[in-house]
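First the structure, in the form of structure tokens, and then the observations on it.
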Amino acid sequence: MSEQPGRVLVLAGGLSHERDVSLRSGRRVSDALRAADFEVQQRDFDVDLVPELQSDPPACVVPLLHGEDGEDGALQEVLALLGIPHVGSPAAACRLAFDKAVAKSLVASAGPSTPDALALPAETFRELGAASMMDALVSQLGLPLVVKPTRGGSALGVHVVHRREDLPSAMVGCFSYGPIALVERFIRGTEVAVTVVEDDSGAHALPVVEIRPDGGVYDYSARYTAGATEFVVPAQLSDAASDACAAAAVAAHRMLGLRDLSRSDLIVADDGSVWFIEVNVSPGMTETSLVPLAVEAAGTTLSAVCGDLVRRAIDRKR
Amino acid sequence: MPSGDSPSHPGPSAIPAGRQTRLDTYVDRYAARTKGMSASEIRALFAVASRPEVVSLAGGMPNISGLPLDVVGAALHELVLDRGTTAMQYGPGQGDPTLREQICEVMRPEGVMAHPDDVVVTVGSQQAVDLVTRVFCDPGDVVLCEAPSYVGALGVFRAYQCEVVHVEMDDDGLVPEALRQAIAVTRSAGKTIKYLYTIPNFHNPAGVTLATERRAEILDICIESDLLILEDNPYGLLGFQTDPHRALRADEADRVVYLGSFSKTFAPGFRVGWALAPHAVREKLVLAQESATLCPPVFSQLAVSTYLATHDWQGQIKQFQETYRERRDAMLEALADHMPAGATWTRPGGGFYVWLTLPEGLDAKAMLPRAVTERVAYVPGTAFYADGFGSRCMRLSYCHPTPERIREGVRRLAAVIQAELELRETFGAALPREVRGYEAPNPDLS
């Protein structure tokens with residue numbers, strides 16, 4: 001085995017609503033890198049981080065902070081400022097991808113379809129009258145519809161609204177997680193996730209993972225309770241639908257300028273059409289997460305993939 | 001072959017066969033009692049509460065920074081040197097005899113006259129709740145609890161598949177007439193009530209204390225109804241103004257199983273509590289304890305015993321009382337200064353907790369993400385009900401943060417409530433339907 005390039009710092013935890021998920025992702029990736037003979041340190045995201053990075057810079061940082069701490073581009077900006085290589089997308093791409101509304105419009109401009117949606121802050125409802133605004137949303141998008149924070153992950157604050165009278169409560173629940181709500185047309189179909197990994201030859205889609213939550217909704221509990229969701233890898237889709245999913249994920253990855261690794265969430269509608277929902281620049285790596293499943297289905301290991309990404313990040317600086 | 005990880009059924013020819021997995025090989029094998037043990041958003045949010053940036057008014061951790069660590073350290077050192085081979089060996093399933101004698105002394109200020117033979121040492125009083133429930137309850141049996149009740153006990157009752165029937169409380173604790181009604185209604189429905197679980201002093205989470213004049217009435221009702229009482233009393237010695245309240249067990253030895261703990265009066269890390277039970281019950285508790293743990297941790301028992309024998313533990317409790325009284329005052333003053341109209345809260349005479357009721361229309365659980373974003377945490381009221389109620393309420397603890405942090409936390413919380421009020425007003429949102437959930441906080445928050 002070739003000599004490893006020095007200490008790898010896995011950042012996990014943070015102060016976002018997804019702290020717990022992040023800690024679990026960090027632990028799994030740390031273990032995977034250690035299995036590949038890397039020297040790994042895992043630490044939290046706090047006020048001592050920057051002084052430590054300055055006084056004792058690692059060979060590479062692997063950001064596994066989910067939510068704003070790690071996915072809105074700020075951390076990547078800081079790492080670039082300090083000249084420390086990191087796995088994953090650059091700051092500008094993170095900013096675009098982390099805002100679901102921005103990502104949807106940019107990805108749609110590259111070809112993939114995405115459900116109609118509007119992104120609205122709470123103030124707009126207050127100033128223009130919430131009742132008439134909600135009536136207009138229902139009229140425009142139909143029912144059911146999906147309400148979610150524009151920024152955030154793990155399905156936190158996401159509500160599927162089937163009745164007009166449930167919309168106010170869903171809006172309030174969503175705004176508790178963030179200041180802007182994305183209200184999106186609901187697409188009935190099969191939920192899938194596509195991991196995109198880069199190597200020297202470019203960006204490649206891994207096998208499509210199909211998600212079948214027991215309760216019908218892939219919410220926080222369905223995501224992080226082992227056994228609560230059935231996954232099928234590769235997804236039971238027609239070749240054409242699988243290819244379309246892979247193409248949409250790669251298109252999203254390229255359009256947004258993402259790097260190294262991303263996971264796109266899509267829905268294959270009952271009529272076979274493929275809809276882009278969102279993309280994650282720091283996807284979950286927990287025991288119940290989708291990326292490790294796709295990696296395994298691709299015939300490789302998390303150790304191999306993470307190790308390659310670390311080496312690529314370090315090589316970029318050379 | 002477990003179905004958690006298996007090949008899929010063959011599909012149409014154009015559709016490739018996928019590998020199906022639930023990422024849990026044992027998914028079909030769990031006991032029915034694990035139903036509902038799942039990840040929840042609320043538990044995830046509590047993960048942030050441990051960070052120093054967050055003022056956590058959620059945790060129930062005693063403030064043990066006031067303990068004389070040098071004294072404790074010296075005592076432990078001596079324990080290892082002088083009695084190490086005993087302290088690190090198995091011991092009696094009922095617990096160390098000397099400690100059981102000392103426990104009887106600890107209960108005496110509350111009027112409890114007990115014999116050490118009737119004491120069973122447990123791994124915190126939490127294990128005592130578990131053992132009593134194991135001994136008494138079959139699936140479907142009813143346990144009567146105050147509304148709200150201690151989240152850790154509700155978890156035990158759920159694990160043994162008991163049905164919890166909540167009984168109304170007011171500022172004077174359990175309402176006798178409500179207890180009468182609950183017994184009558186439950187029995188007329190053909191259900192079996194196994195016991196009343198009650199926290200008479202400085203209630204967790206409600207912060208109220210059962211009024212002296214009600215104690216006899218509650219006992220009378222239970223005697224008339226032939227009902228056992230499980231009296232959970234971890235905070236009884238932590239009153240701020242008065243001598244300890246007289247325990248229910250002090251006046252009714254045959255009908256009360258009394259639970260005590262050193263977690264609040266000394267330190268929770270030792271995990272030493274106890275049950276004082278009528279002799280027949282005690283026999284079964286000892287057998288249940290032996291099957292659960294063989295014996296409670298001997299090292300911890302001897303450490304607590306040494307502490308009680310060599311240190312002014314009553315003086316230490318007075319210091320704890322003073323610390324918690326100062327923090328209670330800080331919280332009540334801050335609430336009076338900052339809370340919006342429509343919010344109400346209890347005024348505890350001891351213990352760790354204030355129970356806050358939000359202005360009408362607000363939902364403490366739905367509001368928690370906003371609170372965490374603003375760096376303040378609490379436990380939503382629904383955690384303290386087995387039936388999904390309590391959404392308008394929250395538990396605030398003042399035991400661990402300093403008075404300054406408490407004031408800052410309440411200030412942040414008031415801003416969160418104000419923002420939520422404005423949002424609710426904008427949307428005219430009705431409260432979400434109350435549904436039964438499993439959203440107990442982590443152990444250090446219980």
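Please note that chains go A, B, ... in the order of the structure tokens, that every chain numbers its residues from 1, and that ligands are numbered from 1 in the order shown.
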| So which bits of stretch 13-235 of chain A end up alpha helix (DSSP H) when you DSSP the backbone, as an MDAnalysis selection string? | chainID A and resid 19:35 49:55 68:71 74:82 91:98 100:109 122:128 130:141 167:175 220:224
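If you take only C-alpha atoms and a cut-off of 6 Å, the residues of chain A that reach chain B are Leu15, His17, Asp20, Arg126, Ala130, Pro168, Ser169, Gly173, Ser176, Tyr177, Ser221, Tyr224, Thr225, Ala226, Gly227, Thr229, Glu230, Phe231, Val232, Val233, Pro234, Ala235, Gln236, Leu237 and Ser238 of chain A.
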Next, the residues of the selection above should be written as a short mmCIF file (atom, residue, chain, number, x, y, z; two decimals), in the first residue's frame with C-alpha atoms.
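Final file, selection_4.cif:
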```cif
data_model
loop_
_atom_site.label_atom_id
_atom_site.label_comp_id
_atom_site.auth_asym_id
_atom_site.auth_seq_id
_atom_site.Cartn_x
_atom_site.Cartn_y
_atom_site.Cartn_z
CA LEU A 15 -24.49 23.59 15.75
CA HIS A 17 -30.18 20.91 13.54
CA ASP A 20 -26.43 14.23 15.55
CA ARG A 126 -47.29 38.76 6.74
CA ALA A 130 -51.25 34.76 4.50
CA PRO A 168 -50.95 27.06 7.92
CA SER A 169 -49.60 24.60 10.44
CA GLY A 173 -43.52 24.27 11.25
CA SER A 176 -39.40 27.23 12.68
CA TYR A 177 -36.47 25.67 10.80
CA SER A 221 -37.54 8.89 11.56
CA TYR A 224 -32.38 7.30 10.77
CA THR A 225 -34.26 4.38 12.30
CA ALA A 226 -32.56 1.22 11.08
CA GLY A 227 -35.17 -1.05 9.55
CA THR A 229 -37.12 1.93 5.29
CA GLU A 230 -36.44 -0.62 2.60
CA PHE A 231 -33.81 0.25 0.03
CA VAL A 232 -33.42 -1.40 -3.35
CA VAL A 233 -30.07 -1.13 -5.11
CA PRO A 234 -29.99 -0.88 -8.04
CA ALA A 235 -33.49 0.57 -8.09
CA GLN A 236 -36.24 -1.46 -9.70
CA LEU A 237 -36.61 0.92 -12.60
CA SER A 238 -36.53 0.47 -16.32
#
```
| query | Can you list, as a list in words, every protein, DNA or RNA residue that comes within 10 Å of B:Lys284 when you count only C-alpha atoms, leaving out same-chain residues fewer than 2 positions away? | reply |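 Non-adjacent residues within range: Leu131, Val132, Arg134, Val135, Phe136, Ala277, His279, Ala280, Val281, Arg282, Val286, Leu287, Ala288, Gln289 and Glu290 of chain B.
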Written file, previous selection with N, CA and C atoms, as a PDB file, in the first residue's frame:
```pdb
ATOM      1  N   LEU B 131     -37.842  -2.184  38.200  1.00  0.00           N
ATOM      2  CA  LEU B 131     -38.046  -3.447  38.918  1.00  0.00           C
ATOM      3  C   LEU B 131     -39.474  -3.564  39.443  1.00  0.00           C
ATOM      4  N   VAL B 132     -39.992  -2.477  39.997  1.00  0.00           N
ATOM      5  CA  VAL B 132     -41.367  -2.523  40.518  1.00  0.00           C
ATOM      6  C   VAL B 132     -42.342  -2.827  39.378  1.00  0.00           C
ATOM      7  N   ARG B 134     -41.651  -4.339  36.549  1.00  0.00           N
ATOM      8  CA  ARG B 134     -41.411  -5.725  36.119  1.00  0.00           C
ATOM      9  C   ARG B 134     -42.145  -6.708  37.039  1.00  0.00           C
ATOM     10  N   VAL B 135     -42.131  -6.403  38.321  1.00  0.00           N
ATOM     11  CA  VAL B 135     -42.723  -7.298  39.308  1.00  0.00           C
ATOM     12  C   VAL B 135     -44.254  -7.259  39.258  1.00  0.00           C
ATOM     13  N   PHE B 136     -44.820  -6.096  38.943  1.00  0.00           N
ATOM     14  CA  PHE B 136     -46.273  -5.950  39.060  1.00  0.00           C
ATOM     15  C   PHE B 136     -47.051  -5.986  37.743  1.00  0.00           C
ATOM     16  N   ALA B 277     -39.851  -1.247  50.483  1.00  0.00           N
ATOM     17  CA  ALA B 277     -41.099  -1.914  50.095  1.00  0.00           C
ATOM     18  C   ALA B 277     -41.602  -2.826  51.208  1.00  0.00           C
ATOM     19  N   HIS B 279     -42.636  -6.264  52.935  1.00  0.00           N
ATOM     20  CA  HIS B 279     -41.702  -7.390  52.887  1.00  0.00           C
ATOM     21  C   HIS B 279     -41.926  -8.315  51.701  1.00  0.00           C
ATOM     22  N   ALA B 280     -43.190  -8.600  51.359  1.00  0.00           N
ATOM     23  CA  ALA B 280     -43.436  -9.540  50.257  1.00  0.00           C
ATOM     24  C   ALA B 280     -42.967  -8.944  48.929  1.00  0.00           C
ATOM     25  N   VAL B 281     -43.213  -7.677  48.759  1.00  0.00           N
ATOM     26  CA  VAL B 281     -42.772  -6.994  47.532  1.00  0.00           C
ATOM     27  C   VAL B 281     -41.255  -6.947  47.503  1.00  0.00           C
ATOM     28  N   ARG B 282     -40.685  -6.642  48.672  1.00  0.00           N
ATOM     29  CA  ARG B 282     -39.221  -6.551  48.740  1.00  0.00           C
ATOM     30  C   ARG B 282     -38.564  -7.856  48.303  1.00  0.00           C
ATOM     31  N   VAL B 286     -35.842  -8.143  45.230  1.00  0.00           N
ATOM     32  CA  VAL B 286     -34.478  -8.659  45.352  1.00  0.00           C
ATOM     33  C   VAL B 286     -34.222  -9.710  44.267  1.00  0.00           C
ATOM     34  N   LEU B 287     -35.195 -10.606  44.070  1.00  0.00           N
ATOM     35  CA  LEU B 287     -35.027 -11.622  43.022  1.00  0.00           C
ATOM     36  C   LEU B 287     -34.948 -10.974  41.641  1.00  0.00           C
ATOM     37  N   ALA B 288     -35.790  -9.957  41.431  1.00  0.00           N
ATOM     38  CA  ALA B 288     -35.759  -9.251  40.138  1.00  0.00           C
ATOM     39  C   ALA B 288     -34.423  -8.529  39.965  1.00  0.00           C
ATOM     40  N   GLN B 289     -33.934  -7.939  41.039  1.00  0.00           N
ATOM     41  CA  GLN B 289     -32.645  -7.253  40.975  1.00  0.00           C
ATOM     42  C   GLN B 289     -31.530  -8.240  40.626  1.00  0.00           C
ATOM     43  N   GLU B 290     -31.564  -9.415  41.248  1.00  0.00           N
ATOM     44  CA  GLU B 290     -30.514 -10.403  40.978  1.00  0.00           C
ATOM     45  C   GLU B 290     -30.550 -10.877  39.529  1.00  0.00           C
TER      46      GLU B 290
END
```
DSSP on the backbone: which residues in stretch 228-383 of chain B end up as strand (DSSP E or B)? Give the answer as a PDB file with C-alpha atoms, in the first residue's frame.
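Result saved to out.pdb:
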```
ATOM      1  CA  LEU B 228     -50.690   0.395  45.717  1.00  0.00           C
ATOM      2  CA  ILE B 229     -48.705   3.665  45.623  1.00  0.00           C
ATOM      3  CA  LEU B 230     -45.278   4.038  44.036  1.00  0.00           C
ATOM      4  CA  GLU B 231     -43.923   7.149  45.754  1.00  0.00           C
ATOM      5  CA  ASP B 232     -40.952   8.514  43.800  1.00  0.00           C
ATOM      6  CA  GLY B 239     -36.904  22.066  49.503  1.00  0.00           C
ATOM      7  CA  VAL B 256     -46.514   2.347  49.587  1.00  0.00           C
ATOM      8  CA  VAL B 257     -43.337   1.427  47.768  1.00  0.00           C
ATOM      9  CA  TYR B 258     -41.028   4.377  48.384  1.00  0.00           C
ATOM     10  CA  LEU B 259     -38.224   5.209  45.946  1.00  0.00           C
ATOM     11  CA  GLY B 260     -35.216   7.315  46.872  1.00  0.00           C
ATOM     12  CA  SER B 261     -31.994   8.362  45.204  1.00  0.00           C
ATOM     13  CA  GLY B 273     -30.924   4.634  44.549  1.00  0.00           C
ATOM     14  CA  TRP B 274     -33.259   2.418  46.502  1.00  0.00           C
ATOM     15  CA  ALA B 275     -36.722   1.035  47.002  1.00  0.00           C
ATOM     16  CA  LEU B 276     -38.336   0.635  50.405  1.00  0.00           C
ATOM     17  CA  THR B 344     -48.004  31.066  32.901  1.00  0.00           C
ATOM     18  CA  TRP B 345     -45.618  29.020  34.990  1.00  0.00           C
ATOM     19  CA  GLY B 350     -37.740  23.023  45.736  1.00  0.00           C
ATOM     20  CA  TYR B 353     -38.019  22.440  37.434  1.00  0.00           C
ATOM     21  CA  VAL B 354     -40.494  25.091  36.329  1.00  0.00           C
ATOM     22  CA  TRP B 355     -43.429  24.054  34.138  1.00  0.00           C
ATOM     23  CA  LEU B 356     -44.274  26.760  31.635  1.00  0.00           C
ATOM     24  CA  THR B 357     -47.534  26.998  29.730  1.00  0.00           C
ATOM     25  CA  VAL B 376     -31.721  28.004  23.919  1.00  0.00           C
ATOM     26  CA  ALA B 377     -33.163  24.571  24.676  1.00  0.00           C
ATOM     27  CA  VAL B 379     -37.996  19.950  26.837  1.00  0.00           C
ATOM     28  CA  PRO B 380     -41.394  20.138  25.084  1.00  0.00           C
TER      29      PRO B 380
END
```
| query | Got a sec: who's within 7 Å of B:Ala87, counting only C-alpha atoms, leaving out chain neighbours fewer than 3 positions off, as a PyMOL selection string? | reply | chain B and resi 83-84+298-299+302
Output the selection as a CSV table (one decimal), in the first residue's frame - C-alpha atoms for each residue.
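For reference, out_28.csv as written:
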```csv
chain,number,residue,atom,x,y,z
B,83,ARG,CA,-11.5,-2.3,51.3
B,84,GLY,CA,-10.6,-2.5,47.6
B,298,VAL,CA,-20.6,-2.6,45.0
B,299,PHE,CA,-18.0,0.1,44.4
B,302,LEU,CA,-19.4,1.7,49.3
```
List the neighbours of B:Phe262 out to 8 Å using only C-alpha atoms; skip same-chain residues closer than 5 positions along the sequence, and give me the result as an mmCIF file with C-alpha atoms, in the first residue's frame.
```cif
data_model
loop_
_atom_site.group_PDB
_atom_site.id
_atom_site.type_symbol
_atom_site.label_atom_id
_atom_site.label_comp_id
_atom_site.auth_asym_id
_atom_site.auth_seq_id
_atom_site.Cartn_x
_atom_site.Cartn_y
_atom_site.Cartn_z
ATOM 1 C CA GLY B 124 -30.518 4.815 40.622
ATOM 2 C CA PRO B 234 -35.729 12.041 44.502
ATOM 3 C CA ALA B 267 -23.979 12.663 42.711
ATOM 4 C CA PRO B 268 -25.780 10.856 39.866
ATOM 5 C CA ARG B 271 -26.079 5.462 40.138
ATOM 6 C CA VAL B 272 -27.274 4.521 43.597
ATOM 7 C CA GLY B 273 -30.924 4.634 44.549
#
```
| In Å to one decimal, how far is atom CA of B:Val156 from atom CA of B:Ser188? |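 If I compute the distance from atom CA of B:Ser188 to atom CA of B:Val156, I get 25.4 Å.
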| task | Might you pull out every residue within 9 Å of B:His245, with only C-alpha atoms counted and same-chain residues fewer than 6 positions away left off, and present them as number ranges by chain? | result | B: 109-111, 200-201, 212, 236-237, 239
Give me a file of those residues, with C-alpha atoms, as a PDB file, in the first residue's frame.
```
ATOM      1  CA  PRO B 109     -36.333  13.439  58.308  1.00  0.00           C
ATOM      2  CA  GLU B 110     -39.354  12.689  56.106  1.00  0.00           C
ATOM      3  CA  GLY B 111     -40.969  10.677  58.880  1.00  0.00           C
ATOM      4  CA  PRO B 200     -45.313  14.248  45.688  1.00  0.00           C
ATOM      5  CA  ASN B 201     -42.423  16.659  46.244  1.00  0.00           C
ATOM      6  CA  THR B 212     -50.041  18.561  53.198  1.00  0.00           C
ATOM      7  CA  GLY B 236     -37.718  15.497  48.827  1.00  0.00           C
ATOM      8  CA  LEU B 237     -34.679  16.852  50.689  1.00  0.00           C
ATOM      9  CA  GLY B 239     -36.904  22.066  49.503  1.00  0.00           C
TER      10      GLY B 239
END
```
With a distance cut-off of 8 Å and only C-alpha atoms, select the neighbouring residues of stretch 193-210 of chain A, excluding the residue or stretch itself and same-chain residues fewer than 5 positions from it, and output the selection as a PDB file with N, CA and C atoms, in the first residue's frame.
```pdb
ATOM      1  N   PHE A 231     -34.557  -0.323   1.152  1.00  0.00           N
ATOM      2  CA  PHE A 231     -33.814   0.247   0.025  1.00  0.00           C
ATOM      3  C   PHE A 231     -33.617  -0.846  -1.024  1.00  0.00           C
ATOM      4  N   VAL A 232     -33.671  -0.456  -2.259  1.00  0.00           N
ATOM      5  CA  VAL A 232     -33.420  -1.396  -3.345  1.00  0.00           C
ATOM      6  C   VAL A 232     -32.308  -0.817  -4.206  1.00  0.00           C
ATOM      7  N   VAL A 233     -31.229  -1.594  -4.351  1.00  0.00           N
ATOM      8  CA  VAL A 233     -30.071  -1.135  -5.106  1.00  0.00           C
ATOM      9  C   VAL A 233     -29.582  -2.246  -6.024  1.00  0.00           C
ATOM     10  N   PRO A 234     -29.497  -2.046  -7.322  1.00  0.00           N
ATOM     11  CA  PRO A 234     -29.990  -0.878  -8.043  1.00  0.00           C
ATOM     12  C   PRO A 234     -31.516  -0.821  -7.984  1.00  0.00           C
ATOM     13  N   ALA A 235     -32.050   0.369  -8.159  1.00  0.00           N
ATOM     14  CA  ALA A 235     -33.489   0.570  -8.085  1.00  0.00           C
ATOM     15  C   ALA A 235     -34.214  -0.292  -9.111  1.00  0.00           C
ATOM     16  N   GLN A 236     -35.442  -0.681  -8.756  1.00  0.00           N
ATOM     17  CA  GLN A 236     -36.239  -1.462  -9.698  1.00  0.00           C
ATOM     18  C   GLN A 236     -36.916  -0.514 -10.680  1.00  0.00           C
ATOM     19  N   SER A 242     -33.599   4.548 -15.109  1.00  0.00           N
ATOM     20  CA  SER A 242     -32.336   4.584 -14.363  1.00  0.00           C
ATOM     21  C   SER A 242     -31.329   5.488 -15.044  1.00  0.00           C
ATOM     22  N   CYS A 245     -32.229   9.076 -14.481  1.00  0.00           N
ATOM     23  CA  CYS A 245     -31.876   9.520 -13.120  1.00  0.00           C
ATOM     24  C   CYS A 245     -30.384   9.823 -13.034  1.00  0.00           C
ATOM     25  N   ALA A 246     -29.580   8.900 -13.551  1.00  0.00           N
ATOM     26  CA  ALA A 246     -28.132   9.097 -13.509  1.00  0.00           C
ATOM     27  C   ALA A 246     -27.745  10.364 -14.273  1.00  0.00           C
ATOM     28  N   ALA A 247     -28.362  10.546 -15.429  1.00  0.00           N
ATOM     29  CA  ALA A 247     -28.034  11.724 -16.245  1.00  0.00           C
ATOM     30  C   ALA A 247     -28.430  13.010 -15.527  1.00  0.00           C
ATOM     31  N   ALA A 249     -28.623  13.498 -12.281  1.00  0.00           N
ATOM     32  CA  ALA A 249     -27.722  13.742 -11.150  1.00  0.00           C
ATOM     33  C   ALA A 249     -26.378  14.285 -11.628  1.00  0.00           C
ATOM     34  N   VAL A 250     -25.868  13.714 -12.709  1.00  0.00           N
ATOM     35  CA  VAL A 250     -24.589  14.201 -13.237  1.00  0.00           C
ATOM     36  C   VAL A 250     -24.761  15.623 -13.779  1.00  0.00           C
ATOM     37  N   HIS A 253     -24.796  17.959 -10.854  1.00  0.00           N
ATOM     38  CA  HIS A 253     -23.435  18.060 -10.315  1.00  0.00           C
ATOM     39  C   HIS A 253     -22.611  19.043 -11.160  1.00  0.00           C
ATOM     40  N   ARG A 259     -18.088  19.292  -6.841  1.00  0.00           N
ATOM     41  CA  ARG A 259     -16.798  18.612  -6.979  1.00  0.00           C
ATOM     42  C   ARG A 259     -16.743  17.386  -6.067  1.00  0.00           C
ATOM     43  N   ASP A 260     -16.068  16.389  -6.476  1.00  0.00           N
ATOM     44  CA  ASP A 260     -15.759  15.182  -5.696  1.00  0.00           C
ATOM     45  C   ASP A 260     -16.967  14.264  -5.484  1.00  0.00           C
ATOM     46  N   LEU A 261     -17.982  14.797  -4.784  1.00  0.00           N
ATOM     47  CA  LEU A 261     -19.064  13.895  -4.368  1.00  0.00           C
ATOM     48  C   LEU A 261     -20.340  14.707  -4.189  1.00  0.00           C
ATOM     49  N   SER A 262     -21.443  14.183  -4.661  1.00  0.00           N
ATOM     50  CA  SER A 262     -22.745  14.799  -4.373  1.00  0.00           C
ATOM     51  C   SER A 262     -23.802  13.694  -4.413  1.00  0.00           C
ATOM     52  N   ARG A 263     -24.946  14.009  -3.841  1.00  0.00           N
ATOM     53  CA  ARG A 263     -26.071  13.067  -3.921  1.00  0.00           C
ATOM     54  C   ARG A 263     -27.313  13.841  -4.316  1.00  0.00           C
ATOM     55  N   SER A 264     -27.894  13.447  -5.430  1.00  0.00           N
ATOM     56  CA  SER A 264     -29.131  14.095  -5.866  1.00  0.00           C
ATOM     57  C   SER A 264     -30.321  13.242  -5.462  1.00  0.00           C
ATOM     58  N   ASP A 265     -31.366  13.909  -4.988  1.00  0.00           N
ATOM     59  CA  ASP A 265     -32.618  13.227  -4.657  1.00  0.00           C
ATOM     60  C   ASP A 265     -33.602  13.496  -5.783  1.00  0.00           C
ATOM     61  N   LEU A 266     -34.211  12.444  -6.271  1.00  0.00           N
ATOM     62  CA  LEU A 266     -35.098  12.560  -7.426  1.00  0.00           C
ATOM     63  C   LEU A 266     -36.357  11.740  -7.198  1.00  0.00           C
ATOM     64  N   LEU A 290     -27.664   6.834   2.273  1.00  0.00           N
ATOM     65  CA  LEU A 290     -27.817   6.326   0.912  1.00  0.00           C
ATOM     66  C   LEU A 290     -26.491   6.181   0.172  1.00  0.00           C
ATOM     67  N   VAL A 291     -25.569   7.107   0.391  1.00  0.00           N
ATOM     68  CA  VAL A 291     -24.315   7.075  -0.357  1.00  0.00           C
ATOM     69  C   VAL A 291     -23.538   5.778  -0.105  1.00  0.00           C
ATOM     70  N   LEU A 293     -24.616   2.904   0.573  1.00  0.00           N
ATOM     71  CA  LEU A 293     -25.315   1.830  -0.137  1.00  0.00           C
ATOM     72  C   LEU A 293     -24.942   1.831  -1.615  1.00  0.00           C
ATOM     73  N   ALA A 294     -24.933   3.026  -2.195  1.00  0.00           N
ATOM     74  CA  ALA A 294     -24.607   3.145  -3.618  1.00  0.00           C
ATOM     75  C   ALA A 294     -23.159   2.741  -3.875  1.00  0.00           C
ATOM     76  N   VAL A 295     -22.290   3.134  -2.954  1.00  0.00           N
ATOM     77  CA  VAL A 295     -20.872   2.797  -3.098  1.00  0.00           C
ATOM     78  C   VAL A 295     -20.694   1.275  -3.108  1.00  0.00           C
ATOM     79  N   ALA A 297     -22.943  -0.959  -3.842  1.00  0.00           N
ATOM     80  CA  ALA A 297     -23.561  -1.524  -5.045  1.00  0.00           C
ATOM     81  C   ALA A 297     -22.685  -1.330  -6.276  1.00  0.00           C
ATOM     82  N   ALA A 298     -21.824  -0.318  -6.212  1.00  0.00           N
ATOM     83  CA  ALA A 298     -20.922  -0.070  -7.342  1.00  0.00           C
ATOM     84  C   ALA A 298     -19.723  -1.011  -7.319  1.00  0.00           C
ATOM     85  N   ASP A 308      -9.663   7.856  -2.120  1.00  0.00           N
ATOM     86  CA  ASP A 308      -9.386   8.488  -3.416  1.00  0.00           C
ATOM     87  C   ASP A 308      -9.711   9.976  -3.373  1.00  0.00           C
ATOM     88  N   LEU A 309     -10.833  10.317  -2.750  1.00  0.00           N
ATOM     89  CA  LEU A 309     -11.228  11.725  -2.708  1.00  0.00           C
ATOM     90  C   LEU A 309     -10.227  12.550  -1.893  1.00  0.00           C
TER      91      LEU A 309
END
```
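You will find atom CA of B:Lys318 at 12.6 Å from atom CA of B:Gly351.
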